[in-house]
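Engineer: Pasting protein-v8.pdb below, which is PDB, C-alpha atoms, pLDDT in the B column.
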```pdb
ATOM      1  CA  MET P 754      -5.221  65.749 -28.832  1.00 56.00           C
ATOM      2  CA  THR P 755      -8.155  68.025 -29.649  1.00 64.00           C
ATOM      3  CA  ASN P 756     -11.071  68.474 -27.291  1.00 64.00           C
ATOM      4  CA  PRO P 757     -14.211  66.999 -29.023  1.00 63.00           C
ATOM      5  CA  SER P 758     -16.469  69.617 -27.381  1.00 64.00           C
ATOM      6  CA  LEU P 759     -14.347  72.401 -28.850  1.00 60.00           C
ATOM      7  CA  VAL P 760     -14.468  70.824 -32.329  1.00 61.00           C
ATOM      8  CA  ILE P 761     -18.270  70.506 -32.172  1.00 69.00           C
ATOM      9  CA  ALA P 762     -18.642  74.104 -30.927  1.00 58.00           C
ATOM     10  CA  LYS P 763     -16.455  75.393 -33.804  1.00 64.00           C
ATOM     11  CA  LEU P 764     -18.420  73.290 -36.313  1.00 55.00           C
ATOM     12  CA  ILE P 765     -21.712  74.742 -35.066  1.00 69.00           C
ATOM     13  CA  GLN P 766     -20.244  78.240 -35.170  1.00 68.00           C
ATOM     14  CA  TYR P 767     -19.110  77.833 -38.810  1.00 59.00           C
ATOM     15  CA  THR P 768     -22.437  76.266 -39.806  1.00 57.00           C
ATOM     16  CA  VAL P 769     -24.424  79.175 -38.340  1.00 53.00           C
ATOM     17  CA  LEU P 770     -22.106  81.733 -39.941  1.00 48.00           C
ATOM     18  CA  SER P 771     -22.393  79.991 -43.328  1.00 48.00           C
ATOM     19  CA  ALA P 772     -26.185  79.937 -43.049  1.00 46.00           C
ATOM     20  CA  PHE P 773     -26.278  83.701 -42.385  1.00 48.00           C
ATOM     21  CA  LEU P 774     -23.989  84.378 -45.333  1.00 43.00           C
ATOM     22  CA  LEU P 775     -26.124  82.262 -47.661  1.00 43.00           C
ATOM     23  CA  MET P 776     -29.324  83.940 -46.466  1.00 47.00           C
ATOM     24  CA  GLY P 777     -27.734  87.359 -47.064  1.00 43.00           C
ATOM     25  CA  CYS P 778     -26.750  86.398 -50.604  1.00 38.00           C
ATOM     26  CA  ALA P 779     -30.225  85.025 -51.349  1.00 39.00           C
ATOM     27  CA  TYR P 780     -31.829  88.212 -49.992  1.00 41.00           C
ATOM     28  CA  ALA P 781     -29.538  90.429 -52.066  1.00 38.00           C
ATOM     29  CA  GLN P 782     -30.418  88.470 -55.215  1.00 40.00           C
ATOM     30  CA  SER P 783     -34.159  88.749 -54.511  1.00 56.00           C
ATOM     31  CA  ILE P 784     -34.041  92.580 -54.564  1.00 79.00           C
ATOM     32  CA  ASP P 785     -35.007  93.668 -58.067  1.00 82.00           C
ATOM     33  CA  PRO P 786     -32.660  96.380 -59.390  1.00 87.00           C
ATOM     34  CA  ILE P 787     -35.681  98.370 -60.587  1.00 92.00           C
ATOM     35  CA  PHE P 788     -36.517  99.255 -56.967  1.00 94.00           C
ATOM     36  CA  GLY P 789     -35.266 102.610 -55.750  1.00 95.00           C
ATOM     37  CA  VAL P 790     -35.469 106.289 -56.686  1.00 97.00           C
ATOM     38  CA  TRP P 791     -35.545 107.374 -60.335  1.00 97.00           C
ATOM     39  CA  LYS P 792     -35.364 110.827 -61.889  1.00 97.00           C
ATOM     40  CA  THR P 793     -37.968 111.533 -64.561  1.00 95.00           C
ATOM     41  CA  ILE P 794     -36.871 113.558 -67.569  1.00 88.00           C
ATOM     42  CA  ASP P 795     -39.425 115.762 -69.339  1.00 82.00           C
ATOM     43  CA  GLU P 796     -39.328 114.806 -73.003  1.00 76.00           C
ATOM     44  CA  LYS P 797     -40.250 118.362 -74.102  1.00 78.00           C
ATOM     45  CA  THR P 798     -37.592 120.254 -72.120  1.00 82.00           C
ATOM     46  CA  ASN P 799     -35.129 117.385 -71.577  1.00 85.00           C
ATOM     47  CA  GLN P 800     -34.894 118.583 -67.962  1.00 87.00           C
ATOM     48  CA  PRO P 801     -35.459 116.584 -64.739  1.00 92.00           C
ATOM     49  CA  SER P 802     -39.033 117.004 -63.513  1.00 92.00           C
ATOM     50  CA  SER P 803     -39.472 114.713 -60.507  1.00 95.00           C
ATOM     51  CA  LEU P 804     -38.131 111.870 -58.395  1.00 97.00           C
ATOM     52  CA  ILE P 805     -40.161 108.656 -58.265  1.00 97.00           C
ATOM     53  CA  ARG P 806     -39.577 105.831 -55.795  1.00 97.00           C
ATOM     54  CA  LEU P 807     -40.329 102.406 -57.279  1.00 96.00           C
ATOM     55  CA  GLU P 808     -41.135  99.698 -54.760  1.00 96.00           C
ATOM     56  CA  GLU P 809     -43.015  96.459 -54.500  1.00 94.00           C
ATOM     57  CA  ARG P 810     -46.279  96.331 -52.603  1.00 92.00           C
ATOM     58  CA  ASN P 811     -48.429  93.191 -52.494  1.00 91.00           C
ATOM     59  CA  GLY P 812     -46.512  91.704 -55.428  1.00 89.00           C
ATOM     60  CA  GLU P 813     -47.020  94.765 -57.623  1.00 95.00           C
ATOM     61  CA  LEU P 814     -44.626  97.493 -58.675  1.00 96.00           C
ATOM     62  CA  ILE P 815     -45.793 100.947 -57.607  1.00 97.00           C
ATOM     63  CA  GLY P 816     -44.343 104.407 -58.147  1.00 97.00           C
ATOM     64  CA  ILE P 817     -44.574 107.209 -55.576  1.00 98.00           C
ATOM     65  CA  VAL P 818     -43.586 110.836 -56.202  1.00 97.00           C
ATOM     66  CA  THR P 819     -40.954 111.884 -53.655  1.00 97.00           C
ATOM     67  CA  GLU P 820     -39.907 115.244 -55.097  1.00 96.00           C
ATOM     68  CA  LEU P 821     -40.900 117.751 -57.789  1.00 95.00           C
ATOM     69  CA  ILE P 822     -38.103 119.512 -59.664  1.00 93.00           C
ATOM     70  CA  PRO P 823     -39.138 122.823 -61.260  1.00 89.00           C
ATOM     71  CA  SER P 824     -37.513 123.999 -64.482  1.00 82.00           C
ATOM     72  CA  PRO P 825     -36.153 127.571 -64.427  1.00 82.00           C
ATOM     73  CA  GLY P 826     -39.044 130.009 -64.794  1.00 81.00           C
ATOM     74  CA  GLU P 827     -41.665 127.261 -64.419  1.00 80.00           C
ATOM     75  CA  THR P 828     -44.632 127.619 -62.072  1.00 83.00           C
ATOM     76  CA  LEU P 829     -44.608 124.371 -60.129  1.00 86.00           C
ATOM     77  CA  VAL P 830     -47.917 122.493 -59.994  1.00 86.00           C
ATOM     78  CA  THR P 831     -48.020 120.923 -56.534  1.00 93.00           C
ATOM     79  CA  HIS P 832     -51.544 119.441 -56.504  1.00 95.00           C
ATOM     80  CA  CYS P 833     -53.286 117.133 -58.957  1.00 94.00           C
ATOM     81  CA  ASN P 834     -56.021 119.601 -59.885  1.00 93.00           C
ATOM     82  CA  LEU P 835     -56.869 117.837 -63.162  1.00 94.00           C
ATOM     83  CA  CYS P 836     -57.120 114.325 -61.697  1.00 93.00           C
ATOM     84  CA  LYS P 837     -60.494 112.675 -62.202  1.00 92.00           C
ATOM     85  CA  ASP P 838     -60.323 110.122 -59.383  1.00 92.00           C
ATOM     86  CA  GLU P 839     -59.784 110.207 -55.600  1.00 93.00           C
ATOM     87  CA  ARG P 840     -56.447 111.981 -56.163  1.00 95.00           C
ATOM     88  CA  LYS P 841     -58.151 115.175 -57.411  1.00 94.00           C
ATOM     89  CA  GLY P 842     -56.801 118.186 -55.523  1.00 94.00           C
ATOM     90  CA  LYS P 843     -54.322 116.077 -53.531  1.00 96.00           C
ATOM     91  CA  PRO P 844     -50.612 116.941 -53.186  1.00 96.00           C
ATOM     92  CA  ILE P 845     -48.481 115.317 -55.882  1.00 96.00           C
ATOM     93  CA  ILE P 846     -45.578 114.694 -53.498  1.00 96.00           C
ATOM     94  CA  GLY P 847     -46.353 111.404 -51.757  1.00 97.00           C
ATOM     95  CA  MET P 848     -48.877 110.425 -54.427  1.00 97.00           C
ATOM     96  CA  THR P 849     -48.885 106.931 -55.940  1.00 97.00           C
ATOM     97  CA  ILE P 850     -48.847 107.641 -59.673  1.00 97.00           C
ATOM     98  CA  MET P 851     -48.052 104.125 -60.871  1.00 97.00           C
ATOM     99  CA  LYS P 852     -49.612 100.851 -59.766  1.00 96.00           C
ATOM    100  CA  GLY P 853     -50.585  97.369 -60.834  1.00 96.00           C
ATOM    101  CA  LEU P 854     -47.409  96.432 -62.715  1.00 96.00           C
ATOM    102  CA  LYS P 855     -46.314  92.797 -62.640  1.00 95.00           C
ATOM    103  CA  LYS P 856     -42.963  91.428 -63.699  1.00 93.00           C
ATOM    104  CA  SER P 857     -43.495  89.922 -67.147  1.00 90.00           C
ATOM    105  CA  SER P 858     -39.857  88.982 -67.853  1.00 90.00           C
ATOM    106  CA  PRO P 859     -36.438  89.914 -66.451  1.00 90.00           C
ATOM    107  CA  GLY P 860     -36.195  93.713 -66.441  1.00 89.00           C
ATOM    108  CA  VAL P 861     -39.738  94.212 -67.770  1.00 94.00           C
ATOM    109  CA  TRP P 862     -42.823  95.176 -65.753  1.00 94.00           C
ATOM    110  CA  SER P 863     -46.231  95.662 -67.415  1.00 94.00           C
ATOM    111  CA  GLY P 864     -49.988  95.433 -66.968  1.00 93.00           C
ATOM    112  CA  GLY P 865     -50.347  98.472 -64.759  1.00 95.00           C
ATOM    113  CA  GLU P 866     -51.282 102.104 -65.067  1.00 96.00           C
ATOM    114  CA  ILE P 867     -49.582 105.461 -64.675  1.00 96.00           C
ATOM    115  CA  LEU P 868     -51.083 108.853 -63.889  1.00 96.00           C
ATOM    116  CA  ASP P 869     -49.773 111.995 -65.545  1.00 92.00           C
ATOM    117  CA  PRO P 870     -50.469 114.599 -62.815  1.00 90.00           C
ATOM    118  CA  GLU P 871     -50.044 117.453 -65.321  1.00 86.00           C
ATOM    119  CA  ASP P 872     -53.085 116.467 -67.396  1.00 89.00           C
ATOM    120  CA  GLY P 873     -54.864 114.144 -64.941  1.00 92.00           C
ATOM    121  CA  GLU P 874     -54.947 111.313 -67.483  1.00 93.00           C
ATOM    122  CA  ILE P 875     -54.313 107.667 -66.631  1.00 95.00           C
ATOM    123  CA  TYR P 876     -52.446 105.514 -69.140  1.00 96.00           C
ATOM    124  CA  LYS P 877     -51.431 101.874 -69.374  1.00 96.00           C
ATOM    125  CA  VAL P 878     -47.723 101.490 -68.666  1.00 96.00           C
ATOM    126  CA  LYS P 879     -44.812  99.218 -69.457  1.00 95.00           C
ATOM    127  CA  ILE P 880     -41.352  99.629 -67.922  1.00 96.00           C
ATOM    128  CA  THR P 881     -38.206  98.165 -69.393  1.00 95.00           C
ATOM    129  CA  MET P 882     -34.918  98.336 -67.553  1.00 94.00           C
ATOM    130  CA  ILE P 883     -32.258  99.353 -70.085  1.00 94.00           C
ATOM    131  CA  ASN P 884     -29.376  99.037 -67.617  1.00 93.00           C
ATOM    132  CA  ASP P 885     -28.829  99.666 -63.897  1.00 89.00           C
ATOM    133  CA  LYS P 886     -28.889 103.440 -64.525  1.00 94.00           C
ATOM    134  CA  SER P 887     -31.848 103.897 -66.928  1.00 95.00           C
ATOM    135  CA  LEU P 888     -35.449 102.818 -67.459  1.00 94.00           C
ATOM    136  CA  GLU P 889     -37.707 103.153 -70.452  1.00 95.00           C
ATOM    137  CA  VAL P 890     -41.219 104.060 -69.268  1.00 95.00           C
ATOM    138  CA  ARG P 891     -43.903 103.740 -71.956  1.00 94.00           C
ATOM    139  CA  GLY P 892     -47.347 105.207 -71.275  1.00 93.00           C
ATOM    140  CA  TYR P 893     -50.011 104.340 -73.805  1.00 93.00           C
ATOM    141  CA  ILE P 894     -53.693 104.078 -74.663  1.00 90.00           C
ATOM    142  CA  GLY P 895     -54.888 100.723 -75.955  1.00 78.00           C
ATOM    143  CA  ILE P 896     -51.686  99.263 -77.420  1.00 75.00           C
ATOM    144  CA  PRO P 897     -48.058 100.233 -76.707  1.00 72.00           C
ATOM    145  CA  LEU P 898     -47.733 101.540 -80.285  1.00 76.00           C
ATOM    146  CA  LEU P 899     -50.060 104.429 -79.346  1.00 80.00           C
ATOM    147  CA  GLY P 900     -48.164 106.261 -76.624  1.00 86.00           C
ATOM    148  CA  ARG P 901     -45.019 108.009 -75.576  1.00 88.00           C
ATOM    149  CA  THR P 902     -41.813 106.942 -73.883  1.00 90.00           C
ATOM    150  CA  GLN P 903     -39.732 108.633 -71.216  1.00 90.00           C
ATOM    151  CA  THR P 904     -36.291 107.642 -70.041  1.00 92.00           C
ATOM    152  CA  TRP P 905     -35.840 107.727 -66.285  1.00 95.00           C
ATOM    153  CA  ILE P 906     -32.375 107.734 -64.775  1.00 95.00           C
ATOM    154  CA  ARG P 907     -31.049 106.554 -61.422  1.00 92.00           C
TER     155      ARG P 907
END
```
Can you give me the file's structure in the form of structure tokens?
Structural biologist:
Amino acid sequence: MTNPSLVIAKLIQYTVLSAFLLMGCAYAQSIDPIFGVWKTIDEKTNQPSSLIRLEERNGELIGIVTELIPSPGETLVTHCNLCKDERKGKPIIGMTIMKGLKKSSPGVWSGGEILDPEDGEIYKVKITMINDKSLEVRGYIGIPLLGRTQTWIR
């Protein structure tokens, strides 16, 4: 005969373990695959130019520069000397260059802005996740038709 106290203890143990497993699965599914570090590719040279960390802050997608990657023979610009806002003269590494994006559909974030530290200009931005290894980042003025697109890779 089985001890009822032992059966109840095992049942509680399995219930708690199951709850933790389900919470872990739910948490893993809530992490958007767009979050993480992405390598920007300069569309003129086709060379990597920086690393950007995409994360969520207050329900918005933001992008922070974590590293600058100089091309051979290039003089690296380390400060946003051409910026026209509070970022003028500030170091580019650690700078938030993208903000205000909201998820508009699965794999698509829009409605925000992106700063190009090289020219100090701020553009509207739309990001589309192509697959788990690449993003299409479209900076534009007015409408998305008037802009340029970069592919960022994981």
Engineer: What is the distance, in Å and to one decimal place, between CA of Val890 (chain P) and CA of Val878 (chain P)?
Structural biologist: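 Computing it gives 7.0 Å between the two atoms.
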Engineer: My list of candidates is P:Glu813, P:Asp795, P:Asp785, P:Glu827. Which is closest to Thr904 (chain P) when distances are computed with all atoms listed in the file?
Structural biologist: P:Asp795
Engineer: Run the PyMOL selection byres ((chain P and resi 787) around 8) on the file and write out the hits as a list of chain:residue names.
Structural biologist: P:Asp785, P:Pro786, P:Phe788, P:Gly789, P:Leu807, P:Gly860, P:Met882, P:Asp885
Engineer: Please evaluate the PyMOL selection byres ((chain P and resi 816) around 6) against the structure above and give the resulting residues as an NGL selection string.
Structural biologist: :P and (805-807 or 815 or 817 or 849-851)
Engineer: With all atoms listed in the file as the counted atoms, please give the residues lying no more than 12 Å from Pro897 (chain P), apart from itself and same-chain residues fewer than 3 positions off, as a list in words.
Structural biologist: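 Surrounding residues, per the criterion: Ser863, Gly864, Tyr876, Lys877, Val878, Lys879, Ile880, Val890, Arg891, Gly892, Tyr893, Ile894, Gly900, Arg901 and Thr902 of chain P.
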Engineer: Work out how far CA of Ile845 (chain P) is from CA of Glu820 (chain P), in Å to one decimal.
Structural biologist: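 That distance, rounded to one decimal, is 8.6 Å.
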Engineer: Just say which residues the PyMOL selection byres ((chain P and resi 846) around 6) picks in this file, as a list in words.
Structural biologist: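 Evaluating the PyMOL selection byres ((chain P and resi 846) around 6) on these coordinates yields Val818, Thr819, Glu820, Pro844, Ile845, Gly847 and Met848 of chain P.
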Engineer: Would you work out the distance separating CA of Leu899 (chain P) from CA of Ile875 (chain P), expressed in Å to one decimal?
Structural biologist: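 So the answer is 13.8 Å.
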